[in-house]
Each structure stands twice: as structure tokens, then as C-alpha cells.
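Visitor: Hey, dropping final.txt in here, compact mmCIF, C-alpha atoms and all ligand atoms:
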```
# COMPACT_ATOMS: atom_id res chain seq x y z
CA MET A 709 65.48 148.69 93.28
CA GLN A 710 66.85 151.41 95.49
CA ILE A 711 69.09 151.43 98.53
CA GLY A 712 69.10 154.55 100.66
CA ILE A 713 72.41 155.61 102.22
CA VAL A 714 71.50 156.81 105.69
CA GLY A 715 73.53 158.16 108.61
CA LEU A 716 74.50 161.13 110.75
CA PRO A 717 76.19 164.12 109.10
CA ASN A 718 79.91 163.88 108.28
CA VAL A 719 80.11 160.11 108.37
CA GLY A 720 81.15 159.86 104.71
CA LYS A 721 77.83 159.14 102.99
CA SER A 722 78.37 161.50 100.08
CA THR A 723 82.02 160.47 99.71
CA LEU A 724 80.91 156.86 99.43
CA PHE A 725 78.06 157.74 97.10
CA LYS A 726 80.36 159.67 94.77
CA ALA A 727 82.84 156.78 94.70
CA LEU A 728 79.98 154.37 93.91
CA THR A 729 78.67 156.44 91.03
CA LYS A 730 82.07 157.39 89.64
CA LYS A 731 82.80 153.74 89.11
CA GLN A 732 80.01 153.75 86.56
CA VAL A 733 81.82 155.90 84.08
CA GLU A 734 84.49 153.26 83.77
CA ILE A 735 82.09 150.56 82.76
CA ALA A 736 82.34 150.72 79.02
CA ASN A 737 79.19 150.09 77.00
CA TYR A 738 76.96 151.00 79.84
CA PRO A 739 75.13 154.27 79.38
CA PHE A 740 75.87 156.31 82.44
CA CYS A 741 72.70 157.86 83.61
CA THR A 742 72.00 160.28 86.35
CA ILE A 743 68.38 160.29 87.32
CA ASP A 744 68.90 162.83 90.01
CA PRO A 745 72.09 164.19 91.62
CA ASN A 746 71.30 162.08 94.68
CA VAL A 747 70.43 158.89 92.82
CA GLY A 748 73.17 156.82 91.22
CA VAL A 749 72.75 153.76 89.03
CA VAL A 750 75.44 151.32 90.03
CA ALA A 751 76.54 148.25 88.07
CA VAL A 752 76.81 144.98 89.96
CA PRO A 753 80.23 143.46 89.18
CA ASP A 754 79.78 139.86 88.02
CA ASN A 755 82.57 137.89 86.40
CA ARG A 756 80.05 135.36 85.06
CA LEU A 757 78.79 138.09 82.73
CA ASP A 758 82.35 138.95 81.71
CA LYS A 759 82.97 135.31 80.80
CA LEU A 760 79.72 134.98 78.83
CA ALA A 761 80.45 138.18 76.93
CA ALA A 762 83.94 136.86 76.12
CA LEU A 763 82.53 133.51 74.93
CA TYR A 764 80.15 135.19 72.47
CA HIS A 765 82.41 138.13 71.65
CA SER A 766 79.36 140.17 72.49
CA GLU A 767 79.29 143.65 70.99
CA LYS A 768 77.74 144.94 74.15
CA PHE A 769 77.35 143.79 77.71
CA VAL A 770 74.86 145.06 80.21
CA PRO A 771 75.39 144.39 83.91
CA ALA A 772 72.66 144.16 86.51
CA THR A 773 72.22 147.46 88.29
CA ILE A 774 70.89 148.77 91.55
CA GLU A 775 70.33 152.35 92.58
CA PHE A 776 71.87 154.09 95.53
CA VAL A 777 70.29 157.20 96.99
CA ASP A 778 72.37 159.66 99.00
CA ILE A 779 69.95 160.75 101.68
CA ALA A 780 70.87 163.93 103.54
CA GLY A 781 69.71 165.59 106.68
CA LEU A 782 69.38 162.91 109.33
CA VAL A 783 70.28 164.30 112.76
CA LYS A 784 69.42 163.51 116.36
CA ASN A 785 65.83 164.54 117.16
CA ALA A 786 64.95 164.95 113.50
CA HIS A 787 61.54 163.51 114.37
CA GLN A 788 61.05 166.58 116.55
CA GLY A 789 62.03 168.87 113.72
CA GLU A 790 65.80 169.18 114.25
CA GLY A 791 67.91 169.73 111.12
CA LEU A 792 65.77 169.23 108.06
CA GLY A 793 63.24 167.55 110.30
CA ASN A 794 60.99 165.02 108.69
CA GLN A 795 61.89 166.04 105.16
CA PHE A 796 64.49 163.28 104.79
CA LEU A 797 62.11 160.64 106.09
CA SER A 798 59.95 160.77 102.99
CA HIS A 799 63.07 159.94 100.96
CA ILE A 800 63.84 156.93 103.13
CA ARG A 801 60.23 155.73 102.85
CA GLU A 802 60.66 155.41 99.10
CA VAL A 803 63.71 153.12 99.15
CA ASP A 804 63.60 149.31 99.24
CA ALA A 805 66.43 148.90 101.73
CA ILE A 806 68.69 150.96 103.96
CA ALA A 807 72.48 151.08 104.05
CA HIS A 808 73.58 152.66 107.32
CA VAL A 809 76.90 154.46 107.17
CA ILE A 810 78.50 154.66 110.59
CA ARG A 811 81.59 156.70 111.31
CA ASN A 812 84.56 154.83 112.67
CA PHE A 813 87.35 156.93 111.16
CA HIS A 814 89.44 159.40 113.10
CA ASP A 815 90.09 162.83 111.64
CA ASP A 816 90.23 165.94 113.80
CA ASN A 817 89.44 168.07 110.77
CA VAL A 818 86.04 166.46 110.33
CA VAL A 819 83.57 167.42 113.03
CA HIS A 820 81.73 164.53 114.63
CA ALA A 821 78.05 165.17 115.30
CA GLY A 822 78.24 163.47 118.70
CA GLY A 823 81.64 164.84 119.70
CA GLN A 824 83.48 161.52 119.61
CA ILE A 825 83.70 158.27 117.67
CA ASN A 826 81.04 155.90 118.97
CA PRO A 827 79.61 153.63 116.26
CA ALA A 828 77.13 151.78 118.45
CA GLU A 829 75.70 154.98 119.90
CA ASP A 830 75.49 156.66 116.50
CA LEU A 831 73.62 153.71 115.07
CA ALA A 832 71.27 153.75 118.06
CA THR A 833 70.60 157.46 117.46
CA ILE A 834 69.58 156.78 113.87
CA ALA A 835 67.54 153.71 114.83
CA THR A 836 65.66 155.82 117.36
CA GLU A 837 64.85 158.44 114.74
CA LEU A 838 63.48 155.80 112.38
CA ALA A 839 61.48 154.16 115.17
CA MET A 840 60.02 157.49 116.36
CA ALA A 841 58.99 158.33 112.82
CA ASP A 842 57.28 154.93 112.50
CA LEU A 843 55.59 155.32 115.84
CA ALA A 844 54.06 158.58 114.64
CA THR A 845 52.93 156.92 111.40
CA VAL A 846 51.41 153.97 113.27
CA GLU A 847 49.61 156.14 115.81
CA ASN A 848 48.25 158.31 113.07
CA ALA A 849 47.07 155.28 111.09
CA LEU A 850 45.44 153.69 114.13
CA HIS A 851 43.60 156.92 114.79
CA ARG A 852 42.34 157.11 111.22
CA LEU A 853 41.27 153.46 111.21
CA LYS A 854 38.96 153.89 114.20
CA GLU A 855 35.90 154.88 112.26
CA LYS A 856 36.16 151.93 109.91
CA THR A 857 36.83 149.39 112.65
CA LYS A 858 33.81 150.67 114.55
CA ALA A 859 31.73 150.14 111.43
CA GLY A 860 32.99 146.55 111.35
CA ASP A 861 35.25 146.83 108.28
CA LYS A 862 37.11 143.50 108.26
CA GLU A 863 40.27 144.69 106.53
CA ALA A 864 40.51 147.70 108.85
CA ILE A 865 40.17 145.41 111.86
CA LYS A 866 42.96 143.17 110.60
CA THR A 867 45.17 146.16 109.78
CA GLU A 868 44.56 147.57 113.24
CA ARG A 869 45.66 144.29 114.80
CA VAL A 870 48.94 144.25 112.84
CA LEU A 871 49.68 147.90 113.57
CA ALA A 872 48.91 147.43 117.25
CA GLN A 873 51.49 144.60 117.41
CA ILE A 874 54.09 146.84 115.80
CA LYS A 875 53.24 149.69 118.13
CA ILE A 876 53.89 147.49 121.17
CA LEU A 877 57.41 146.78 119.90
CA LEU A 878 58.15 150.38 118.96
CA ASP A 879 56.88 151.60 122.33
CA GLN A 880 59.41 149.32 124.00
CA GLY A 881 62.22 150.57 121.78
CA LEU A 882 62.30 147.26 119.90
CA LYS A 883 62.60 146.86 116.17
CA PRO A 884 59.77 145.00 114.45
CA ASP A 885 61.03 142.14 112.30
CA ALA A 886 59.55 142.00 108.80
CA THR A 887 60.72 138.41 108.34
CA SER A 888 58.63 137.22 111.28
CA LEU A 889 55.41 138.81 110.00
CA PRO A 890 53.08 136.68 107.84
CA ALA A 891 52.98 137.79 104.20
CA ASP A 892 49.31 138.71 104.48
CA ASP A 893 50.01 141.00 107.43
CA LEU A 894 52.86 142.67 105.58
CA LYS A 895 50.59 143.27 102.61
CA LEU A 896 48.02 145.03 104.79
CA ILE A 897 50.55 147.55 106.09
CA LYS A 898 52.73 147.86 102.98
CA GLY A 899 51.28 151.23 102.09
CA PHE A 900 52.57 152.79 105.31
CA ASN A 901 56.17 152.18 104.16
CA LEU A 902 57.41 151.68 107.70
CA LEU A 903 61.11 152.48 107.95
CA THR A 904 61.89 149.93 110.64
CA LEU A 905 60.58 147.09 108.46
CA LYS A 906 63.02 147.77 105.64
CA PRO A 907 65.98 145.42 105.20
CA GLU A 908 69.18 146.98 106.46
CA LEU A 909 72.91 146.63 106.22
CA TYR A 910 75.66 148.39 108.12
CA ILE A 911 78.77 150.01 106.74
CA GLU A 912 81.52 151.13 109.07
CA ASN A 913 83.57 153.88 107.51
CA ILE A 914 86.96 153.09 109.01
CA ASP A 915 90.50 154.48 108.94
CA GLU A 916 92.35 153.65 105.77
CA ASP A 917 95.16 151.91 107.63
CA SER A 918 92.94 149.72 109.80
CA ILE A 919 91.23 147.76 107.01
CA LYS A 920 93.33 144.65 107.51
CA LYS A 921 92.97 144.63 111.28
CA PHE A 922 89.33 145.58 111.37
CA ALA A 923 87.25 144.46 114.34
CA PRO A 924 83.62 145.43 113.81
CA SER A 925 81.89 147.65 116.36
CA ILE A 926 78.54 146.79 114.80
CA PRO A 927 77.85 143.05 114.34
CA ASN A 928 78.06 141.92 110.68
CA SER A 929 79.04 145.36 109.43
CA ILE A 930 80.92 145.85 106.18
CA PRO A 931 84.21 147.71 106.65
CA VAL A 932 84.84 150.41 104.08
CA SER A 933 87.23 153.32 103.94
CA ALA A 934 85.28 155.94 102.02
CA LYS A 935 88.48 157.94 101.62
CA LEU A 936 90.31 155.00 100.07
CA GLU A 937 87.31 154.13 97.87
CA ALA A 938 87.22 157.72 96.62
CA GLU A 939 90.92 157.46 95.72
CA LEU A 940 90.39 154.10 93.99
CA ALA A 941 87.44 155.48 92.01
CA ASP A 942 89.74 158.12 90.56
CA LEU A 943 92.16 155.52 89.21
CA SER A 944 91.89 153.51 86.01
CA ALA A 945 90.80 149.89 86.45
CA ASP A 946 94.39 148.66 86.04
CA GLU A 947 95.83 151.22 88.43
CA ALA A 948 93.14 150.46 90.99
CA LYS A 949 93.93 146.75 90.76
CA LYS A 950 97.60 147.40 91.33
CA TYR A 951 96.90 149.67 94.27
CA LEU A 952 94.64 147.04 95.83
CA GLN A 953 97.36 144.43 95.42
CA GLU A 954 99.87 146.73 97.10
CA LEU A 955 97.47 147.08 99.99
CA GLY A 956 97.04 143.30 100.08
CA LEU A 957 93.30 143.49 99.37
CA LYS A 958 91.35 141.25 96.99
CA LYS A 959 88.25 143.33 96.54
CA THR A 960 87.34 146.96 97.04
CA GLY A 961 84.98 147.82 99.85
CA LEU A 962 82.55 149.08 97.24
CA GLU A 963 82.45 145.71 95.51
CA GLN A 964 81.63 144.07 98.81
CA LEU A 965 79.03 146.70 99.51
CA ILE A 966 77.36 146.30 96.11
CA ALA A 967 77.27 142.52 96.44
CA ALA A 968 75.82 142.75 99.96
CA SER A 969 73.22 145.27 98.77
CA TYR A 970 72.18 142.96 95.95
CA ARG A 971 71.64 140.11 98.43
CA LEU A 972 69.85 142.43 100.83
CA LEU A 973 67.37 143.29 98.08
CA ASN A 974 66.75 139.55 97.68
CA LEU A 975 67.95 139.69 94.08
CA MET A 976 69.57 137.03 91.95
CA THR A 977 70.74 137.03 88.36
CA PHE A 978 69.89 135.25 85.15
CA PHE A 979 71.64 135.90 81.86
CA THR A 980 70.86 136.23 78.21
CA ALA A 981 73.94 135.91 76.05
CA GLY A 982 74.76 136.18 72.37
CA PRO A 983 76.97 137.96 69.86
CA LYS A 984 74.91 141.12 70.00
CA GLU A 985 74.63 141.44 73.71
CA SER A 986 75.31 139.67 76.97
CA HIS A 987 72.98 140.83 79.67
CA ALA A 988 72.66 140.19 83.41
CA TRP A 989 69.08 140.51 84.59
CA PRO A 990 68.29 141.05 88.24
CA ILE A 991 65.19 139.24 89.51
CA LYS A 992 63.79 138.49 92.94
CA ASN A 993 64.55 135.06 94.36
CA GLY A 994 61.63 132.80 93.54
CA THR A 995 60.73 134.47 90.23
CA LYS A 996 59.10 132.13 87.71
CA ALA A 997 60.21 131.87 84.08
CA PRO A 998 57.40 133.95 82.51
CA ALA A 999 57.99 136.86 84.89
CA ALA A 1000 61.73 136.62 84.24
CA ALA A 1001 61.02 136.76 80.51
CA GLY A 1002 58.83 139.78 81.20
CA GLU A 1003 61.89 141.62 82.49
CA ILE A 1004 63.23 141.55 78.95
CA HIS A 1005 59.98 142.43 77.23
CA THR A 1006 56.33 142.37 78.30
CA ASP A 1007 55.51 140.42 75.08
CA PHE A 1008 57.83 137.65 76.27
CA GLU A 1009 55.75 137.24 79.39
CA ALA A 1010 52.32 137.50 77.75
CA GLY A 1011 53.18 135.01 75.02
CA PHE A 1012 55.50 132.80 77.06
CA ILE A 1013 55.76 129.24 75.74
CA ARG A 1014 58.92 127.81 77.28
CA ALA A 1015 62.49 128.58 78.22
CA GLU A 1016 65.73 126.93 77.20
CA ILE A 1017 67.90 127.00 80.30
CA ILE A 1018 71.62 126.30 80.53
CA ASN A 1019 73.59 126.99 83.67
CA TRP A 1020 76.21 129.65 82.88
CA GLN A 1021 79.11 127.48 84.05
CA ASP A 1022 77.95 124.55 81.89
CA LEU A 1023 77.76 126.89 78.92
CA ILE A 1024 81.27 128.22 79.53
CA ASN A 1025 82.65 124.71 80.07
CA CYS A 1026 81.05 123.42 76.87
CA GLY A 1027 82.11 126.45 74.84
CA SER A 1028 78.82 126.71 72.92
CA GLU A 1029 75.08 126.22 73.21
CA ALA A 1030 75.20 123.43 70.64
CA LYS A 1031 77.76 121.52 72.67
CA ALA A 1032 75.80 122.05 75.89
CA LYS A 1033 72.66 120.70 74.18
CA GLU A 1034 74.58 117.74 72.85
CA LYS A 1035 75.70 116.91 76.37
CA GLY A 1036 72.14 117.16 77.67
CA LEU A 1037 72.90 120.23 79.76
CA MET A 1038 70.09 122.31 78.30
CA HIS A 1039 66.72 121.84 79.96
CA LEU A 1040 63.39 122.98 78.59
CA GLU A 1041 61.23 124.61 81.23
CA GLY A 1042 57.59 125.69 81.33
CA LYS A 1043 55.69 128.44 83.05
CA ASP A 1044 56.07 127.02 86.55
CA TYR A 1045 59.85 126.90 86.44
CA ILE A 1046 61.46 128.92 89.23
CA MET A 1047 64.55 130.65 87.88
CA ARG A 1048 67.90 129.88 89.46
CA ASP A 1049 70.84 132.15 90.01
CA GLY A 1050 73.27 131.72 87.12
CA ASP A 1051 70.75 130.42 84.58
CA THR A 1052 71.24 131.51 80.99
CA ALA A 1053 67.88 131.66 79.27
CA TYR A 1054 66.48 131.66 75.78
CA PHE A 1055 62.73 132.26 75.74
CA HIS A 1056 60.22 130.99 73.19
CA PHE A 1057 57.06 133.03 72.97
CA ASN A 1058 53.96 133.59 70.82
CA LYS A 1059 53.82 136.93 69.08
N1 LIG B 1101 89.68 160.92 107.03
C1 LIG B 1101 88.54 160.60 106.40
N2 LIG B 1101 87.71 161.58 106.05
C2 LIG B 1101 86.55 161.24 105.44
C3 LIG B 1101 86.22 159.90 105.15
N3 LIG B 1101 85.01 159.88 104.54
C4 LIG B 1101 84.62 161.16 104.46
N4 LIG B 1101 85.54 161.98 104.99
C5 LIG B 1101 85.49 163.45 105.09
O1 LIG B 1101 84.44 163.80 105.97
C6 LIG B 1101 83.75 164.95 105.52
C7 LIG B 1101 82.28 164.64 105.36
O2 LIG B 1101 82.12 163.65 104.35
P1 LIG B 1101 80.76 163.49 103.55
O3 LIG B 1101 80.94 162.34 102.65
O4 LIG B 1101 80.35 164.77 102.96
O5 LIG B 1101 79.80 163.11 104.76
P2 LIG B 1101 78.19 163.04 104.82
O6 LIG B 1101 77.76 164.24 105.56
O7 LIG B 1101 77.92 161.81 105.59
O8 LIG B 1101 77.67 162.99 103.42
C8 LIG B 1101 84.42 165.34 104.20
O9 LIG B 1101 85.36 166.37 104.47
C9 LIG B 1101 85.12 164.08 103.78
O10 LIG B 1101 86.26 164.36 103.00
C10 LIG B 1101 87.16 158.88 105.51
O11 LIG B 1101 86.96 157.68 105.28
N5 LIG B 1101 88.29 159.30 106.16
MG MG B 1102 76.30 164.22 102.42
```
As a first step, turn the structure in this file into C-alpha cells.
Guide:
Amino acid sequence: MQIGIVGLPNVGKSTLFKALTKKQVEIANYPFCTIDPNVGVVAVPDNRLDKLAALYHSEKFVPATIEFVDIAGLVKNAHQGEGLGNQFLSHIREVDAIAHVIRNFHDDNVVHAGGQINPAEDLATIATELAMADLATVENALHRLKEKTKAGDKEAIKTERVLAQIKILLDQGLKPDATSLPADDLKLIKGFNLLTLKPELYIENIDEDSIKKFAPSIPNSIPVSAKLEAELADLSADEAKKYLQELGLKKTGLEQLIAASYRLLNLMTFFTAGPKESHAWPIKNGTKAPAAAGEIHTDFEAGFIRAEIINWQDLINCGSEAKAKEKGLMHLEGKDYIMRDGDTAYFHFNK
């Protein structure tokens, strides 16, 4: 699952991206991999995994990961060919969700694309670019569908109806809401990868010294100081912890950002744990047991028989699987079981 970091130039996207990916190197046992200089695999901090790994003295532990993509080149009027033009848009189409970085830090040495700090206006500029790009996609699609709808193609007629609804909103400068569209409608237009339908979150890159007195300019935004995060990423885990304490902060902005991104992607976590390895597996909310097993190995899904499930906290409290079973805290589940966040699972399958 990928999150695209999107925003105007000089808002701190790359600074944030570098801090996010640098953190990786510190996570022992996890093979740091760079797919592409602009794509970083980022571990999702989860103290439940730490505790499970400690319980089993696991040789190895593998956190859940998500990928961040540093997307360059978005400027005002990009849809008309400014800057890198539409080049960046294809990158945004490929991601599952968008993290907007909005500048709210003051530094005369860093040129602001719009001349002055104005988070709401900057976000509106980006939103307009995304909407204009979608409008072009929708108009193009409607045009191409004409022949088929004339011929009475049922799917084309349905698709046309959904696209026409979206076009009305975009024409009015409104953002279509993916959550209000029926699943069937979404399916019909999935292939167009509309940018305005992607889940979004907002990061305000703020002055280092205003973190504790932060008042958001964008509703529900996550405050982060990219500069501070870059400094923290250069420190050892212990040093970073100390520095955070000195600043009176509990969590880094990056940790908050990663957690929010995970939720935005509609992901939750189940665990497998043992002496060899403790592993956090990201799955979509609502995933059934066989599909969850399939994350580990396709054979597990194909030959799925049942799952032994113990909630992670029960397992930690009991101190062992045997004890948890003794106390009746292990439940056997079949193929219709919907996995829950925090489940530890042991799968039985036919080979
Ligand atoms: N003062 C300050 N400067 C920052 C901050 N974040 C980024 N910068 C600086 O702003 C410039 C542009 O940052 P960069 O991350 O490359 O922005 P991008 O164009 O959005 O990728 C660089 O000189 C950074 O050092 C911040 O939080 N505070
Ligand atoms: Mg950059």
C-alpha cells in the first residue's frame, strides 16, 4: 500500500520523506530496501509486536510496513502544463492515498511558491489541480463511452451515469466523496484512478518552536516539523527519546503520521508470533481468516482449515499459548471469521 506525499514546491516534502525512510535503518532485523529513490518502505511502530517478540524471545521481528512516495513537481496550473505539467499526476494516480504537505513554517531563506504563508490557499491550489486533472479524465472518458452507450451497452450506460454525477461536482469545484458512492459504482470507475476519490490526510509543516501551541489552519491536520523530524532521524533511538522528553513531546510527528496513514489506508494488524519470528501483518479491515492466512503464504489460503486465535493482550497476560488455552482464551475460527485488530493467529491448513 502506497501513500503519495503531495504538495507545492519547498513545503518540506523531501525533508519529511528522508526523515521517514532514514528511520528504517534503525529498525534492526528489518531489511532496508529501496525500491526507487522516491519510494520508501516505512515500518509501522507497534509496541504490541515488541511485547510479543519479547515474550517469545523471537530471533527476528518483522513490523507491518507501508510505502511512502515522494512526488515532485506539483505547481499551480500544472494541469495546463506548468512545471512538470501532468507528469506528476500519473505518479499520484498509482498511490492508494494522498498525504498533503502544507507549509506553515517561516523561513526567509526558503522561497514560498505563493509569496507568503497561507496554508488554506496552498491546499486549495493543490485541490484545484487534482480536480482539474480529474475533470479532464472524466470528460475524456465520457467522450469515449459515447459509442458504446449509443449501442446500448449496459455497463457503459451505468459508467456514464456515475461519471456524469462526478462531473457535476467537479464542475462546481466540489470534491466527490468516495465514501458516499455505492461499492458497485466505485468498481465501475476504479480503472480511471480519479485523484479526488483517494483518501487524504493533511500534514502542516510548522515551526519547530510552535509544536506545543499549534492551532491547525487546516481542520484535522497533523502538525509536524520536518526540520525537527530530520534532526530526530539523525539521532540514535535513545538520543531521540531524550530529545523528545526535553521538548516535552510523547511521540514524534512521524510516528503520528505513520499511524494516521495506516488508518487512512483502512489497515489493521494481526500477528504471528514464535521463537523464530514475530510478525505484524497488515490487512484491510473486514478481511476474513483465509485471506489473512494468504498474506503469509498462498498455500495457507488455498488449504485453509481453521485458525487458532488469541488476542495479543490475552497472550501477553497469560505468558504463553498453553496458559491462554487453559484459560479458554483461544478460539478456533473457520473460513468466515473476520479478523480483528490485535489477533494473534496460528493457521491450520491442508498441504
Ligand atoms: N525552517 C524550515 N525549513 C524547512 C523545513 N522543512 C523543509 N525546510 C527547508 O525547505 C527547503 C525545501 O525543502 P524540501 O523538503 O526539499 O521541499 P519540497 O520541495 O517540498 O520537497 C529545504 O531547504 C529545507 O531544508 C522546516 O520544517 N523548517
Ligand atoms: Mg522535493
Visitor: Which is closer to Gly1002 of chain A than all the others in A:Lys921, A:Lys784, A:His851, A:His1056, using all atoms listed in the file?
Guide: A:His1056
Visitor: Do you have the atom C3 of ligand LIG 1101 (chain B)-atom CA of Leu909 of chain A distance handy?
Guide: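 Here the two named atoms are 18.8 Å from each other.
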Visitor: What's around segment 853-865 of chain A at 12 Å? Count all atoms listed in the file, leave out sequence neighbours fewer than 3 positions away in its own chain, and write the answer as a list of chain:residue names.
Guide: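 Selected residues are A:Val846, A:Glu847, A:Asn848, A:Ala849, A:Leu850, A:Glu868, A:Arg869, A:Val870, A:Leu871, A:Ala872, A:Asp892, A:Asp893, A:Lys895, A:Leu896, A:Ile897.
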Visitor: What's the separation between atom CA of Asp1049 of chain A and atom CA of His987 of chain A, in Å to one decimal place?
Guide: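 Between these atoms lies a distance of 13.7 Å.
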Visitor: Counting all atoms listed in the file, what are the residues, protein, DNA or RNA alike, that approach ligand LIG 1101 (chain B) to within 9 Å? I want them as a PDB file with C-alpha atoms, in the frame of the given file.
Guide:
```
ATOM      1  CA  ILE A 713      72.410 155.610 102.220  1.00  0.00           C
ATOM      2  CA  VAL A 714      71.500 156.810 105.690  1.00  0.00           C
ATOM      3  CA  GLY A 715      73.530 158.160 108.610  1.00  0.00           C
ATOM      4  CA  LEU A 716      74.500 161.130 110.750  1.00  0.00           C
ATOM      5  CA  PRO A 717      76.190 164.120 109.100  1.00  0.00           C
ATOM      6  CA  ASN A 718      79.910 163.880 108.280  1.00  0.00           C
ATOM      7  CA  VAL A 719      80.110 160.110 108.370  1.00  0.00           C
ATOM      8  CA  GLY A 720      81.150 159.860 104.710  1.00  0.00           C
ATOM      9  CA  LYS A 721      77.830 159.140 102.990  1.00  0.00           C
ATOM     10  CA  SER A 722      78.370 161.500 100.080  1.00  0.00           C
ATOM     11  CA  THR A 723      82.020 160.470  99.710  1.00  0.00           C
ATOM     12  CA  LEU A 724      80.910 156.860  99.430  1.00  0.00           C
ATOM     13  CA  PHE A 725      78.060 157.740  97.100  1.00  0.00           C
ATOM     14  CA  LYS A 726      80.360 159.670  94.770  1.00  0.00           C
ATOM     15  CA  ASP A 778      72.370 159.660  99.000  1.00  0.00           C
ATOM     16  CA  ILE A 779      69.950 160.750 101.680  1.00  0.00           C
ATOM     17  CA  ALA A 780      70.870 163.930 103.540  1.00  0.00           C
ATOM     18  CA  GLY A 781      69.710 165.590 106.680  1.00  0.00           C
ATOM     19  CA  VAL A 809      76.900 154.460 107.170  1.00  0.00           C
ATOM     20  CA  ILE A 810      78.500 154.660 110.590  1.00  0.00           C
ATOM     21  CA  ARG A 811      81.590 156.700 111.310  1.00  0.00           C
ATOM     22  CA  ASN A 812      84.560 154.830 112.670  1.00  0.00           C
ATOM     23  CA  PHE A 813      87.350 156.930 111.160  1.00  0.00           C
ATOM     24  CA  HIS A 814      89.440 159.400 113.100  1.00  0.00           C
ATOM     25  CA  ASP A 815      90.090 162.830 111.640  1.00  0.00           C
ATOM     26  CA  ASP A 816      90.230 165.940 113.800  1.00  0.00           C
ATOM     27  CA  ASN A 817      89.440 168.070 110.770  1.00  0.00           C
ATOM     28  CA  VAL A 818      86.040 166.460 110.330  1.00  0.00           C
ATOM     29  CA  VAL A 819      83.570 167.420 113.030  1.00  0.00           C
ATOM     30  CA  ASN A 913      83.570 153.880 107.510  1.00  0.00           C
ATOM     31  CA  ILE A 914      86.960 153.090 109.010  1.00  0.00           C
ATOM     32  CA  ASP A 915      90.500 154.480 108.940  1.00  0.00           C
ATOM     33  CA  GLU A 916      92.350 153.650 105.770  1.00  0.00           C
ATOM     34  CA  VAL A 932      84.840 150.410 104.080  1.00  0.00           C
ATOM     35  CA  SER A 933      87.230 153.320 103.940  1.00  0.00           C
ATOM     36  CA  ALA A 934      85.280 155.940 102.020  1.00  0.00           C
ATOM     37  CA  LYS A 935      88.480 157.940 101.620  1.00  0.00           C
ATOM     38  CA  LEU A 936      90.310 155.000 100.070  1.00  0.00           C
ATOM     39  CA  GLU A 937      87.310 154.130  97.870  1.00  0.00           C
ATOM     40  CA  ALA A 938      87.220 157.720  96.620  1.00  0.00           C
TER      41      ALA A 938
END
```
Visitor: One number please: atom CA of Ile800 of chain A to atom CA of Lys898 of chain A, in Å, one decimal.
Guide: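 It comes out at 14.3 Å.
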Visitor: Find the residues near Leu760 of chain A: any atom within 7 Å, counting only C-alpha atoms, skip ones fewer than 5 places away on the same chain, and give them as a list in words.
Guide: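 Surrounding residues, per the criterion: Ala981, Ser986 and Ile1024 of chain A.
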Visitor: Save out the residues we just selected, C-alpha atoms, as a PDB file, in the coordinates of the input.
Guide:
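Just written: out.pdb:
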```pdb
ATOM      1  CA  ALA A 981      73.940 135.910  76.050  1.00  0.00           C
ATOM      2  CA  SER A 986      75.310 139.670  76.970  1.00  0.00           C
ATOM      3  CA  ILE A1024      81.270 128.220  79.530  1.00  0.00           C
TER       4      ILE A1024
END
```
Visitor: Give the answer as one residue: which of A:Phe978, A:Leu782, A:Ala805, A:Met709 has the shortest atom-to-atom distance to ligand MG 1102 (chain B), using all atoms listed in the file?
Guide: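 Among A:Phe978, A:Leu782, A:Ala805, A:Met709, it is A:Leu782 that comes nearest to ligand MG 1102 (chain B).
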Visitor: Would you mind listing what lies within 12 Å of Leu763 of chain A as a PyMOL selection string, with all atoms listed in the file counted and same-chain residues fewer than 6 positions away left out?
Guide: chain A and resi 756-757+769+981-986+1020-1021+1023-1029
Visitor: Considering all atoms listed in the file, state which residue in the set A:Lys959, A:His765, A:Lys875, A:Lys1031 is at the smallest distance from Thr904 of chain A.
Guide: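 Among the listed residues, A:Lys875 lies closest to Thr904 of chain A.
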Visitor: Residues within 9 Å of (58.6, 126.3, 77.0), file coordinates, counting only C-alpha atoms: what are they? Give the list as JSON, numbers by chain.
Guide: {"A": [1012, 1013, 1014, 1015, 1016, 1040, 1041, 1042, 1043, 1055, 1056, 1057]}
Visitor: Could you please take those selected residues and save C-alpha atoms as a PDB file, in the frame of the given file?
Guide:
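Output below, filename out29.pdb:
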```
ATOM      1  CA  PHE A1012      55.500 132.800  77.060  1.00  0.00           C
ATOM      2  CA  ILE A1013      55.760 129.240  75.740  1.00  0.00           C
ATOM      3  CA  ARG A1014      58.920 127.810  77.280  1.00  0.00           C
ATOM      4  CA  ALA A1015      62.490 128.580  78.220  1.00  0.00           C
ATOM      5  CA  GLU A1016      65.730 126.930  77.200  1.00  0.00           C
ATOM      6  CA  LEU A1040      63.390 122.980  78.590  1.00  0.00           C
ATOM      7  CA  GLU A1041      61.230 124.610  81.230  1.00  0.00           C
ATOM      8  CA  GLY A1042      57.590 125.690  81.330  1.00  0.00           C
ATOM      9  CA  LYS A1043      55.690 128.440  83.050  1.00  0.00           C
ATOM     10  CA  PHE A1055      62.730 132.260  75.740  1.00  0.00           C
ATOM     11  CA  HIS A1056      60.220 130.990  73.190  1.00  0.00           C
ATOM     12  CA  PHE A1057      57.060 133.030  72.970  1.00  0.00           C
TER      13      PHE A1057
END
```
Visitor: List the spatial neighbours of Gln710 of chain A as number ranges by chain - criterion: any atom at most 9 Å away, only C-alpha atoms, same-chain residues fewer than 3 positions off excluded.
Guide: A: 747, 774-777, 802-806, 973
Visitor: Return the padded bounding box of segment 1008-1022 of chain A as JSON: axis-aligned, built from all atoms listed in the file, 6 Å added on each side, with centre and edge lengths in Å to one decimal.
Guide:
```
{"center_x": 65.7, "center_y": 131.1, "center_z": 79.5, "size_x": 38.8, "size_y": 25.1, "size_z": 21.0}
```
Visitor: Could you give me, as a PyMOL selection string, the residues within 10 Å of Ala999 of chain A, counting only C-alpha atoms and dropping anything in the same chain fewer than 3 positions from it?
Guide: chain A and resi 991+995-996+1002-1006+1008-1010+1012+1043+1046-1047
